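input.csv, holding CSV, C-alpha atoms and all ligand atoms:
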```csv
chain,number,residue,atom,x,y,z
N,1,MET,CA,4.6,-17.3,-28.3
N,2,ARG,CA,4.0,-13.6,-27.7
N,3,VAL,CA,0.3,-12.6,-27.7
N,4,GLY,CA,-0.9,-9.0,-27.9
N,5,ILE,CA,-4.4,-8.4,-26.5
N,6,LEU,CA,-6.2,-5.6,-28.3
N,7,GLY,CA,-9.3,-5.1,-26.2
N,8,SER,CA,-8.9,-6.3,-22.6
N,9,GLY,CA,-12.6,-6.7,-21.6
N,10,LEU,CA,-14.5,-9.9,-20.9
N,11,MET,CA,-13.0,-11.9,-23.7
N,12,GLY,CA,-9.5,-10.3,-24.1
N,13,GLY,CA,-9.0,-10.0,-20.3
N,14,LYS,CA,-9.9,-13.7,-19.7
N,15,LEU,CA,-8.1,-15.1,-22.7
N,16,GLY,CA,-5.0,-13.0,-22.0
N,17,THR,CA,-5.0,-14.3,-18.5
N,18,ILE,CA,-5.4,-17.9,-19.7
N,19,PHE,CA,-2.6,-17.5,-22.3
N,20,ALA,CA,-0.3,-16.1,-19.6
N,21,ARG,CA,-1.1,-18.9,-17.2
N,22,ALA,CA,-0.4,-21.3,-20.1
N,23,GLY,CA,3.1,-19.9,-20.3
N,24,LEU,CA,2.8,-17.4,-23.2
N,25,GLU,CA,4.0,-13.8,-23.1
N,26,VAL,CA,1.0,-11.5,-23.0
N,27,VAL,CA,0.6,-7.7,-23.4
N,28,PHE,CA,-2.8,-6.4,-22.3
N,29,SER,CA,-3.9,-3.3,-24.2
N,30,TYR,CA,-6.9,-1.2,-25.3
N,31,ALA,CA,-9.1,-0.6,-22.2
N,32,ARG,CA,-10.4,2.7,-20.9
N,33,SER,CA,-8.1,2.6,-17.9
N,34,GLU,CA,-4.5,1.9,-17.5
N,35,GLN,CA,-5.1,0.7,-14.0
N,36,LYS,CA,-7.3,-2.1,-15.4
N,37,LEU,CA,-4.5,-3.2,-17.7
N,38,LYS,CA,-2.0,-3.2,-14.9
N,39,LYS,CA,-4.3,-5.2,-12.7
N,40,LEU,CA,-5.0,-7.8,-15.4
N,41,ALA,CA,-1.2,-8.2,-15.9
N,42,ARG,CA,-0.6,-8.5,-12.2
N,43,ASP,CA,-3.4,-11.0,-11.6
N,44,ALA,CA,-2.5,-13.1,-14.6
N,45,ALA,CA,0.7,-13.9,-12.7
N,46,GLY,CA,2.6,-15.1,-15.7
N,47,LYS,CA,4.7,-13.3,-18.3
N,48,ALA,CA,2.1,-10.6,-18.7
N,49,ARG,CA,2.3,-6.8,-18.8
N,50,PRO,CA,0.2,-3.8,-19.7
N,51,GLY,CA,1.0,-1.8,-22.9
N,52,THR,CA,-0.2,0.5,-25.6
N,53,PRO,CA,-2.1,-1.1,-28.5
N,54,ARG,CA,1.0,-0.4,-30.6
N,55,GLU,CA,3.3,-2.2,-28.2
N,56,ALA,CA,0.9,-5.1,-27.9
N,57,ALA,CA,0.7,-5.5,-31.7
N,58,GLN,CA,4.2,-4.7,-32.8
N,59,GLU,CA,6.0,-7.3,-30.7
N,60,ALA,CA,3.3,-10.0,-31.0
N,61,ASP,CA,3.4,-13.3,-32.9
N,62,ALA,CA,-0.4,-13.2,-32.7
N,63,VAL,CA,-2.8,-10.3,-31.9
N,64,LEU,CA,-6.1,-11.2,-30.3
N,65,LEU,CA,-8.7,-8.6,-31.4
N,66,ALA,CA,-11.5,-8.5,-28.8
N,67,VAL,CA,-13.4,-5.3,-29.1
N,68,HIS,CA,-17.0,-4.4,-29.9
N,69,TRP,CA,-17.5,-4.2,-33.6
N,70,SER,CA,-18.0,-0.4,-33.4
N,71,ARG,CA,-14.4,-0.1,-31.9
N,72,ILE,CA,-12.6,-2.1,-34.6
N,73,ASP,CA,-11.4,0.8,-36.7
N,74,ASP,CA,-10.1,2.7,-33.6
N,75,ALA,CA,-8.4,-0.3,-32.2
N,76,LEU,CA,-6.7,-1.1,-35.5
N,77,LYS,CA,-5.6,2.5,-35.9
N,78,GLN,CA,-4.1,2.6,-32.4
N,79,ALA,CA,-2.2,-0.7,-33.1
N,80,GLY,CA,-0.4,0.9,-36.1
N,81,ASP,CA,1.1,-1.1,-39.0
N,82,LEU,CA,-0.2,-4.6,-38.9
N,83,SER,CA,1.4,-5.8,-42.1
N,84,GLY,CA,2.3,-9.5,-41.9
N,85,LYS,CA,0.7,-9.8,-38.4
N,86,VAL,CA,-1.5,-12.7,-37.4
N,87,ILE,CA,-4.8,-11.3,-36.1
N,88,VAL,CA,-7.0,-13.7,-34.2
N,89,THR,CA,-10.4,-12.2,-34.1
N,90,CYS,CA,-13.2,-13.2,-31.7
N,91,CYS,CA,-15.2,-10.1,-32.7
N,92,LEU,CA,-18.8,-10.5,-33.8
N,93,PRO,CA,-20.3,-7.8,-36.1
N,94,MET,CA,-23.0,-6.8,-33.6
N,95,ASP,CA,-25.1,-3.6,-33.6
N,96,ALA,CA,-24.6,-1.0,-30.9
N,97,GLY,CA,-27.1,-2.7,-28.6
N,98,ASN,CA,-25.7,-6.2,-29.1
N,99,THR,CA,-29.0,-7.4,-30.4
N,100,LYS,CA,-28.2,-8.6,-33.9
N,101,LEU,CA,-25.5,-9.2,-36.5
N,102,ILE,CA,-25.1,-6.3,-38.9
N,103,ILE,CA,-23.1,-8.3,-41.4
N,104,GLY,CA,-24.1,-11.8,-42.5
N,105,SER,CA,-25.1,-14.4,-45.1
N,106,ASN,CA,-23.0,-13.0,-48.0
N,107,SER,CA,-20.1,-11.8,-45.9
N,108,SER,CA,-19.0,-11.9,-42.2
N,109,GLY,CA,-17.3,-9.7,-39.7
N,110,ALA,CA,-14.1,-11.7,-40.1
N,111,GLU,CA,-14.0,-11.1,-43.9
N,112,GLU,CA,-14.8,-7.4,-43.5
N,113,LEU,CA,-12.0,-7.2,-40.9
N,114,ALA,CA,-9.6,-8.9,-43.4
N,115,LYS,CA,-10.5,-6.2,-46.0
N,116,ARG,CA,-9.7,-3.5,-43.6
N,117,VAL,CA,-6.2,-4.9,-42.8
N,118,PRO,CA,-5.3,-6.5,-46.2
N,119,LYS,CA,-1.7,-6.9,-45.3
N,120,ALA,CA,-2.4,-8.8,-42.0
N,121,ARG,CA,-3.5,-12.4,-41.8
N,122,VAL,CA,-6.8,-12.9,-40.2
N,123,VAL,CA,-8.1,-16.0,-38.5
N,124,CYS,CA,-11.5,-16.2,-36.8
N,125,ALA,CA,-11.5,-18.1,-33.4
N,126,PHE,CA,-12.9,-18.0,-29.9
N,127,ASN,CA,-16.1,-16.2,-31.1
N,128,THR,CA,-18.4,-19.2,-30.5
N,129,VAL,CA,-18.0,-19.5,-26.7
N,130,PRO,CA,-19.3,-17.2,-23.9
N,131,ASN,CA,-16.5,-15.6,-21.8
N,132,GLU,CA,-18.1,-17.1,-18.7
N,133,VAL,CA,-17.0,-20.6,-19.6
N,134,LEU,CA,-13.3,-19.8,-20.5
N,135,PHE,CA,-11.7,-20.3,-17.0
N,136,SER,CA,-13.6,-23.5,-16.4
N,137,VAL,CA,-12.5,-25.0,-19.7
N,138,PHE,CA,-8.9,-24.0,-19.0
N,139,GLU,CA,-9.0,-25.5,-15.5
N,140,ALA,CA,-10.5,-28.8,-16.9
N,141,ARG,CA,-7.8,-29.0,-19.7
N,142,SER,CA,-6.3,-32.2,-18.5
N,143,LYS,CA,-9.7,-34.0,-18.7
N,144,LYS,CA,-10.8,-35.7,-21.9
N,145,PRO,CA,-12.8,-35.2,-24.1
N,146,ARG,CA,-12.2,-31.4,-24.4
N,147,PRO,CA,-14.9,-29.1,-25.7
N,148,SER,CA,-14.7,-28.2,-29.4
N,149,LEU,CA,-13.9,-24.8,-30.7
N,150,VAL,CA,-14.3,-23.9,-34.4
N,151,TYR,CA,-11.9,-21.6,-36.2
N,152,CYS,CA,-11.5,-20.6,-39.8
N,153,GLY,CA,-9.0,-18.8,-42.0
N,154,ASP,CA,-7.3,-18.7,-45.4
N,155,ASP,CA,-3.7,-19.2,-44.4
N,156,GLU,CA,-2.6,-22.6,-43.1
N,157,ARG,CA,0.4,-21.3,-41.1
N,158,VAL,CA,-1.8,-18.7,-39.4
N,159,LYS,CA,-4.5,-21.3,-38.7
N,160,GLY,CA,-1.7,-23.4,-37.0
N,161,VAL,CA,-1.1,-20.4,-34.7
N,162,ALA,CA,-4.8,-20.2,-33.9
N,163,ALA,CA,-5.1,-23.9,-33.3
N,164,GLU,CA,-2.1,-23.7,-30.8
N,165,LEU,CA,-3.8,-20.9,-28.9
N,166,ILE,CA,-7.1,-22.9,-28.8
N,167,ARG,CA,-5.3,-25.9,-27.4
N,168,ASP,CA,-3.5,-23.7,-24.9
N,169,ALA,CA,-6.9,-22.5,-23.7
N,170,GLY,CA,-8.1,-26.0,-23.1
N,171,PHE,CA,-10.3,-26.6,-26.2
N,172,ASP,CA,-10.1,-29.1,-29.0
N,173,PRO,CA,-9.6,-27.0,-32.2
N,174,VAL,CA,-11.9,-27.8,-35.1
N,175,ASP,CA,-10.8,-26.5,-38.5
N,176,ALA,CA,-13.9,-25.2,-40.2
N,177,GLY,CA,-12.2,-24.2,-43.4
N,178,PRO,CA,-11.5,-20.8,-45.1
N,179,LEU,CA,-12.3,-17.4,-43.6
N,180,ARG,CA,-15.7,-17.2,-45.5
N,181,ILE,CA,-17.0,-19.9,-43.2
N,182,ALA,CA,-17.2,-17.2,-40.6
N,183,ARG,CA,-20.5,-16.5,-42.3
N,184,TYR,CA,-21.7,-19.7,-40.5
N,185,THR,CA,-19.6,-19.5,-37.3
N,186,GLU,CA,-20.8,-16.0,-36.5
N,187,PRO,CA,-24.5,-16.8,-36.4
N,188,PHE,CA,-23.6,-20.1,-34.7
N,189,ALA,CA,-22.1,-17.9,-32.0
N,190,LEU,CA,-25.4,-16.2,-31.5
N,191,LEU,CA,-27.1,-19.6,-31.0
N,192,ILE,CA,-24.5,-20.4,-28.3
N,193,GLY,CA,-25.2,-17.0,-26.8
N,194,GLN,CA,-29.0,-17.7,-26.8
N,195,LEU,CA,-28.5,-21.1,-25.1
N,196,ALA,CA,-26.0,-19.6,-22.6
N,197,TYR,CA,-27.9,-16.5,-21.6
N,198,ASP,CA,-31.5,-17.5,-22.2
N,199,GLY,CA,-31.4,-21.2,-21.8
N,200,GLU,CA,-31.5,-23.3,-18.7
N,201,GLY,CA,-28.3,-23.9,-16.8
N,202,GLY,CA,-26.5,-20.6,-17.1
N,203,PRO,CA,-23.7,-19.2,-19.3
N,204,GLU,CA,-20.9,-21.6,-18.6
N,205,LEU,CA,-21.6,-23.4,-21.8
N,206,ALA,CA,-19.2,-25.0,-24.3
N,207,TYR,CA,-20.0,-27.4,-27.1
N,208,ARG,CA,-18.5,-30.6,-28.5
N,209,PHE,CA,-18.9,-32.2,-32.0
N,210,GLU,CA,-18.8,-36.0,-32.2
N,211,ARG,CA,-18.6,-38.1,-35.2
N,212,PHE,CA,-20.3,-41.5,-35.3
N,213,GLY,CA,-18.9,-43.9,-37.8
A,1,LIG,N1,-18.5,-11.4,-24.2
A,1,LIG,C1,-18.6,-12.6,-24.7
A,1,LIG,O1,-18.9,-13.6,-24.1
A,1,LIG,C2,-18.3,-12.8,-26.2
A,1,LIG,C3,-18.3,-14.1,-26.8
A,1,LIG,C4,-18.0,-14.2,-28.1
A,1,LIG,C5,-17.6,-13.1,-28.9
A,1,LIG,N2,-17.6,-11.9,-28.3
A,1,LIG,C6,-17.1,-10.7,-29.1
A,1,LIG,O2,-15.8,-10.4,-28.6
A,1,LIG,C7,-15.6,-9.0,-28.7
A,1,LIG,C8,-15.2,-8.5,-27.3
A,1,LIG,O3,-16.3,-8.7,-26.5
A,1,LIG,P1,-16.2,-8.4,-24.9
A,1,LIG,O4,-17.5,-8.9,-24.3
A,1,LIG,O5,-14.9,-8.9,-24.4
A,1,LIG,O6,-16.3,-6.8,-24.9
A,1,LIG,P2,-15.9,-5.9,-23.7
A,1,LIG,O7,-16.0,-6.6,-22.4
A,1,LIG,O8,-16.8,-4.7,-23.8
A,1,LIG,O9,-14.4,-5.5,-24.0
A,1,LIG,C9,-14.0,-4.5,-24.9
A,1,LIG,C10,-12.7,-3.9,-24.6
A,1,LIG,O10,-12.6,-2.7,-25.4
A,1,LIG,C11,-12.3,-1.6,-24.5
A,1,LIG,N3,-12.8,-0.3,-25.0
A,1,LIG,C12,-14.1,0.0,-25.4
A,1,LIG,N4,-14.2,1.3,-25.8
A,1,LIG,C13,-12.9,1.7,-25.7
A,1,LIG,C14,-12.4,3.0,-25.9
A,1,LIG,N5,-13.1,4.0,-26.4
A,1,LIG,N6,-11.0,3.2,-25.7
A,1,LIG,C15,-10.3,2.1,-25.3
A,1,LIG,N7,-10.8,0.9,-25.0
A,1,LIG,C16,-12.1,0.7,-25.2
A,1,LIG,C17,-13.0,-1.9,-23.2
A,1,LIG,O11,-12.5,-1.2,-22.2
A,1,LIG,P3,-12.9,-1.3,-20.6
A,1,LIG,O12,-12.2,-2.6,-20.2
A,1,LIG,O13,-12.4,-0.1,-20.0
A,1,LIG,O14,-14.4,-1.5,-20.6
A,1,LIG,C18,-12.7,-3.4,-23.1
A,1,LIG,O15,-11.4,-3.6,-22.6
A,1,LIG,C19,-16.9,-8.4,-29.3
A,1,LIG,O16,-16.8,-8.2,-30.6
A,1,LIG,C20,-18.0,-9.5,-29.0
A,1,LIG,O17,-19.0,-9.5,-29.9
A,1,LIG,C21,-17.9,-11.7,-27.0
```

Target format structure tokens, applied to this file:
Amino acid sequence: MRVGILGSGLMGGKLGTIFARAGLEVVFSYARSEQKLKKLARDAAGKARPGTPREAAQEADAVLLAVHWSRIDDALKQAGDLSGKVIVTCCLPMDAGNTKLIIGSNSSGAEELAKRVPKARVVCAFNTVPNEVLFSVFEARSKKPRPSLVYCGDDERVKGVAAELIRDAGFDPVDAGPLRIARYTEPFALLIGQLAYDGEGGPELAYRFERFG
């Protein structure tokens, strides 16, 4: 699978590195310095390379959108025509200071994103874990049980792509339903953030759902 990373910061940089180490083809794009993209590609040490947002998106089977909410329009514009593309978004619709969600209850960032790129297929994933835990989860991928990771979307084929990426990253994918369920997963991500950054034990936090009976 070819994955275009649109936003190569904490989330995009780490997930892109993990995907490359899992054997996927990765193009890192959308950072403020080309040097950073080159270094990410070099350090990932797999089939990874730096590129423009357009290159990252046009050749990709899946585009990981990982920018601050305020950069969404710019990143999408730089990516060019996204018709038919699978967009995996981990973006949370946060205010400028990252203190609160600015969309919620009767919509979600993922749904608003889908409206902005109506010809693309949006699936919401990776937004409910802190970046700090990603490498540890990947390194522990052979151990069972794996931590859960919820995802949601309206297109079954596209959700299959997201589930594959989630498995590649070392998590157990949990299908939470249609894209509108991002109304629940986005605030849930803030709970995880609260526990990770203000709770005891530090930010390397993942979660696991278990059914009894
Ligand atoms: N951080 C987390 O643990 C976490 C967890 C769950 C969800 N999320 C969500 O995931 C998304 C990404 O978060 P993040 O923490 O990865 O953000 P981040 O570290 O700030 O990364 C954003 C990327 O966008 C790039 N960028 C920003 N302004 C730009 C500009 N003007 N031109 C070109 N590139 C620009 C940054 O460039 P530089 O690399 O040069 O800074 C960086 O590569 C957000 O929507 C966030 O809410 C984050």

- Query: Which is closer to ligand LIG 1 (chain A) than all the others in N:Leu10, N:Ala96, N:Ile166, N:Leu113, using only C-alpha atoms and all ligand atoms?
  - Reply: N:Leu10

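Using only C-alpha atoms, the nearest neighbour of Lys144 (chain N) within the list N:Gly170, N:Gly4, N:Gly160, N:Pro203 is N:Gly170.
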
- Message: Need the shell around Leu82 (chain N): protein/DNA/RNA residues with any atom at most 12 Å away, counting only C-alpha atoms. Skip same-chain ones fewer than 6 positions apart. Format as a PyMOL selection string?
- Response: chain N and resi 4+53-63+75-76+114+116-122

- For each of N:Ser148, N:Asp172, N:Glu34, N:Thr128, take the minimum atom-to-atom distance to Leu190 (chain N), counting all atoms listed in the file, then give the residue where this is smallest.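 Result for the nearest residue to Leu190 (chain N): N:Thr128.
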
- Query: Suppose you want the space between CA of Phe19 (chain N) and CA of Ala169 (chain N); what is it in Å?
  - Reply: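 Computing the Euclidean distance for CA of Phe19 (chain N) and CA of Ala169 (chain N) yields 6.7 Å.
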
- Which one is closest to Ala125 (chain N): N:Leu149, N:Val137, N:Ile18, N:Ile103? Count only C-alpha atoms.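 Of N:Leu149, N:Val137, N:Ile18, N:Ile103, the one nearest Ala125 (chain N), counting only C-alpha atoms, is N:Leu149.
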
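The interatomic distance for the pair atom O15 of ligand LIG 1 (chain A) and CA of Ala163 (chain N) works out to 23.8 Å.
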
Contacts of ligand LIG 1 (chain A), 6 Å or closer, all atoms listed in the file, given as a short mmCIF file (atom, residue, chain, number, x, y, z; two decimals) with C-alpha atoms, in the coordinates of the input:
```
data_model
loop_
_atom_site.label_atom_id
_atom_site.label_comp_id
_atom_site.auth_asym_id
_atom_site.auth_seq_id
_atom_site.Cartn_x
_atom_site.Cartn_y
_atom_site.Cartn_z
CA GLY N 7 -9.30 -5.10 -26.20
CA SER N 8 -8.90 -6.30 -22.60
CA GLY N 9 -12.60 -6.70 -21.60
CA LEU N 10 -14.50 -9.90 -20.90
CA MET N 11 -13.00 -11.90 -23.70
CA GLY N 12 -9.50 -10.30 -24.10
CA TYR N 30 -6.90 -1.20 -25.30
CA ALA N 31 -9.10 -0.60 -22.20
CA ARG N 32 -10.40 2.70 -20.90
CA SER N 33 -8.10 2.60 -17.90
CA ALA N 66 -11.50 -8.50 -28.80
CA VAL N 67 -13.40 -5.30 -29.10
CA HIS N 68 -17.00 -4.40 -29.90
CA TRP N 69 -17.50 -4.20 -33.60
CA CYS N 90 -13.20 -13.20 -31.70
CA CYS N 91 -15.20 -10.10 -32.70
CA LEU N 92 -18.80 -10.50 -33.80
CA ASN N 127 -16.10 -16.20 -31.10
CA THR N 128 -18.40 -19.20 -30.50
CA VAL N 129 -18.00 -19.50 -26.70
CA PRO N 130 -19.30 -17.20 -23.90
CA ASN N 131 -16.50 -15.60 -21.80
#
```

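Our summary of the geometry notes that CA of Ser105 (chain N) is positioned 9.0 Å from CA of Pro187 (chain N).
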
- Query: Using all atoms listed in the file, which of N:Asp154, N:Asp175, N:Glu164, N:Glu200 sits nearest Val3 (chain N)?
  - Reply: N:Glu164

- Which one is closest to Met94 (chain N): N:Thr52, N:Gln194, N:Ser70, N:Thr17? Count all atoms listed in the file.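 Among the listed residues, the smallest separation from Met94 (chain N) belongs to N:Ser70.
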
For Asp155 (chain N), work out the shell of residues within 10 Å, counting only C-alpha atoms and skipping chain neighbours fewer than 3 positions away, then give it as an mmCIF file with C-alpha atoms, in the coordinates of the input.
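As written to disk, selection.cif reads:
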```cif
data_model
loop_
_atom_site.group_PDB
_atom_site.id
_atom_site.type_symbol
_atom_site.label_atom_id
_atom_site.label_comp_id
_atom_site.auth_asym_id
_atom_site.auth_seq_id
_atom_site.Cartn_x
_atom_site.Cartn_y
_atom_site.Cartn_z
ATOM 1 C CA VAL N 86 -1.500 -12.700 -37.400
ATOM 2 C CA ARG N 121 -3.500 -12.400 -41.800
ATOM 3 C CA VAL N 122 -6.800 -12.900 -40.200
ATOM 4 C CA VAL N 123 -8.100 -16.000 -38.500
ATOM 5 C CA CYS N 152 -11.500 -20.600 -39.800
ATOM 6 C CA VAL N 158 -1.800 -18.700 -39.400
ATOM 7 C CA LYS N 159 -4.500 -21.300 -38.700
ATOM 8 C CA GLY N 160 -1.700 -23.400 -37.000
ATOM 9 C CA GLY N 177 -12.200 -24.200 -43.400
ATOM 10 C CA PRO N 178 -11.500 -20.800 -45.100
ATOM 11 C CA LEU N 179 -12.300 -17.400 -43.600
#
```

- Message: Excluding Leu205 (chain N) and its own-chain neighbours fewer than 3 positions away, which residues fall within 9 Å of it when counting only C-alpha atoms? Please give them as a PyMOL selection string.
- Response: chain N and resi 129-130+132-133+192-193+195-196+201-202

- Excluding same-chain residues fewer than 5 positions from region 180-184 of chain N, what lies within 9 Å of it counting all atoms listed in the file, as a list in words? Ile103, Gly104, Ser105, Asn106, Ser107, Ser108, Gly109, Ala110, Glu111, Cys124, Tyr151, Cys152, Gly153, Asp154 and Ala189 of chain N

Place N, CA and C atoms on region 157-182 of chain N and deliver the coordinates as a CSV table (one decimal), in the coordinates of the input.
```
chain,number,residue,atom,x,y,z
N,157,ARG,N,-0.6,-21.6,-42.2
N,157,ARG,CA,0.4,-21.3,-41.1
N,157,ARG,C,-0.3,-20.5,-40.0
N,158,VAL,N,-1.1,-19.6,-40.4
N,158,VAL,CA,-1.8,-18.7,-39.4
N,158,VAL,C,-2.8,-19.5,-38.7
N,159,LYS,N,-3.5,-20.4,-39.4
N,159,LYS,CA,-4.5,-21.3,-38.7
N,159,LYS,C,-3.8,-22.2,-37.7
N,160,GLY,N,-2.5,-22.6,-38.0
N,160,GLY,CA,-1.7,-23.4,-37.0
N,160,GLY,C,-1.5,-22.6,-35.7
N,161,VAL,N,-1.3,-21.3,-35.8
N,161,VAL,CA,-1.1,-20.4,-34.7
N,161,VAL,C,-2.4,-20.4,-33.9
N,162,ALA,N,-3.5,-20.2,-34.6
N,162,ALA,CA,-4.8,-20.2,-33.9
N,162,ALA,C,-5.1,-21.5,-33.2
N,163,ALA,N,-4.8,-22.6,-33.9
N,163,ALA,CA,-5.1,-23.9,-33.3
N,163,ALA,C,-4.2,-24.1,-32.0
N,164,GLU,N,-3.0,-23.6,-32.0
N,164,GLU,CA,-2.1,-23.7,-30.8
N,164,GLU,C,-2.7,-22.9,-29.7
N,165,LEU,N,-3.2,-21.7,-29.9
N,165,LEU,CA,-3.8,-20.9,-28.9
N,165,LEU,C,-5.1,-21.6,-28.3
N,166,ILE,N,-5.9,-22.2,-29.2
N,166,ILE,CA,-7.1,-22.9,-28.8
N,166,ILE,C,-6.8,-24.0,-27.9
N,167,ARG,N,-5.7,-24.8,-28.3
N,167,ARG,CA,-5.3,-25.9,-27.4
N,167,ARG,C,-4.8,-25.4,-26.1
N,168,ASP,N,-4.0,-24.3,-26.1
N,168,ASP,CA,-3.5,-23.7,-24.9
N,168,ASP,C,-4.6,-23.3,-23.9
N,169,ALA,N,-5.8,-22.9,-24.5
N,169,ALA,CA,-6.9,-22.5,-23.7
N,169,ALA,C,-7.8,-23.6,-23.2
N,170,GLY,N,-7.4,-24.9,-23.6
N,170,GLY,CA,-8.1,-26.0,-23.1
N,170,GLY,C,-9.2,-26.6,-24.0
N,171,PHE,N,-9.3,-26.1,-25.2
N,171,PHE,CA,-10.3,-26.6,-26.2
N,171,PHE,C,-9.6,-27.5,-27.2
N,172,ASP,N,-10.5,-28.2,-27.9
N,172,ASP,CA,-10.1,-29.1,-29.0
N,172,ASP,C,-10.4,-28.3,-30.3
N,173,PRO,N,-9.3,-27.9,-31.1
N,173,PRO,CA,-9.6,-27.0,-32.2
N,173,PRO,C,-10.2,-27.8,-33.4
N,174,VAL,N,-11.3,-27.2,-34.0
N,174,VAL,CA,-11.9,-27.8,-35.1
N,174,VAL,C,-11.8,-26.9,-36.3
N,175,ASP,N,-11.0,-27.3,-37.3
N,175,ASP,CA,-10.8,-26.5,-38.5
N,175,ASP,C,-12.0,-26.5,-39.4
N,176,ALA,N,-12.7,-25.3,-39.5
N,176,ALA,CA,-13.9,-25.2,-40.2
N,176,ALA,C,-13.7,-24.8,-41.6
N,177,GLY,N,-12.5,-24.5,-42.0
N,177,GLY,CA,-12.2,-24.2,-43.4
N,177,GLY,C,-11.8,-22.7,-43.6
N,178,PRO,N,-12.0,-22.2,-44.8
N,178,PRO,CA,-11.5,-20.8,-45.1
N,178,PRO,C,-12.3,-19.7,-44.3
N,179,LEU,N,-11.8,-18.5,-44.4
N,179,LEU,CA,-12.3,-17.4,-43.6
N,179,LEU,C,-13.8,-17.2,-43.9
N,180,ARG,N,-14.2,-17.5,-45.2
N,180,ARG,CA,-15.7,-17.2,-45.5
N,180,ARG,C,-16.6,-18.1,-44.7
N,181,ILE,N,-16.1,-19.1,-44.0
N,181,ILE,CA,-17.0,-19.9,-43.2
N,181,ILE,C,-17.4,-19.2,-41.9
N,182,ALA,N,-16.7,-18.1,-41.7
N,182,ALA,CA,-17.2,-17.2,-40.6
N,182,ALA,C,-18.6,-16.8,-40.8
```
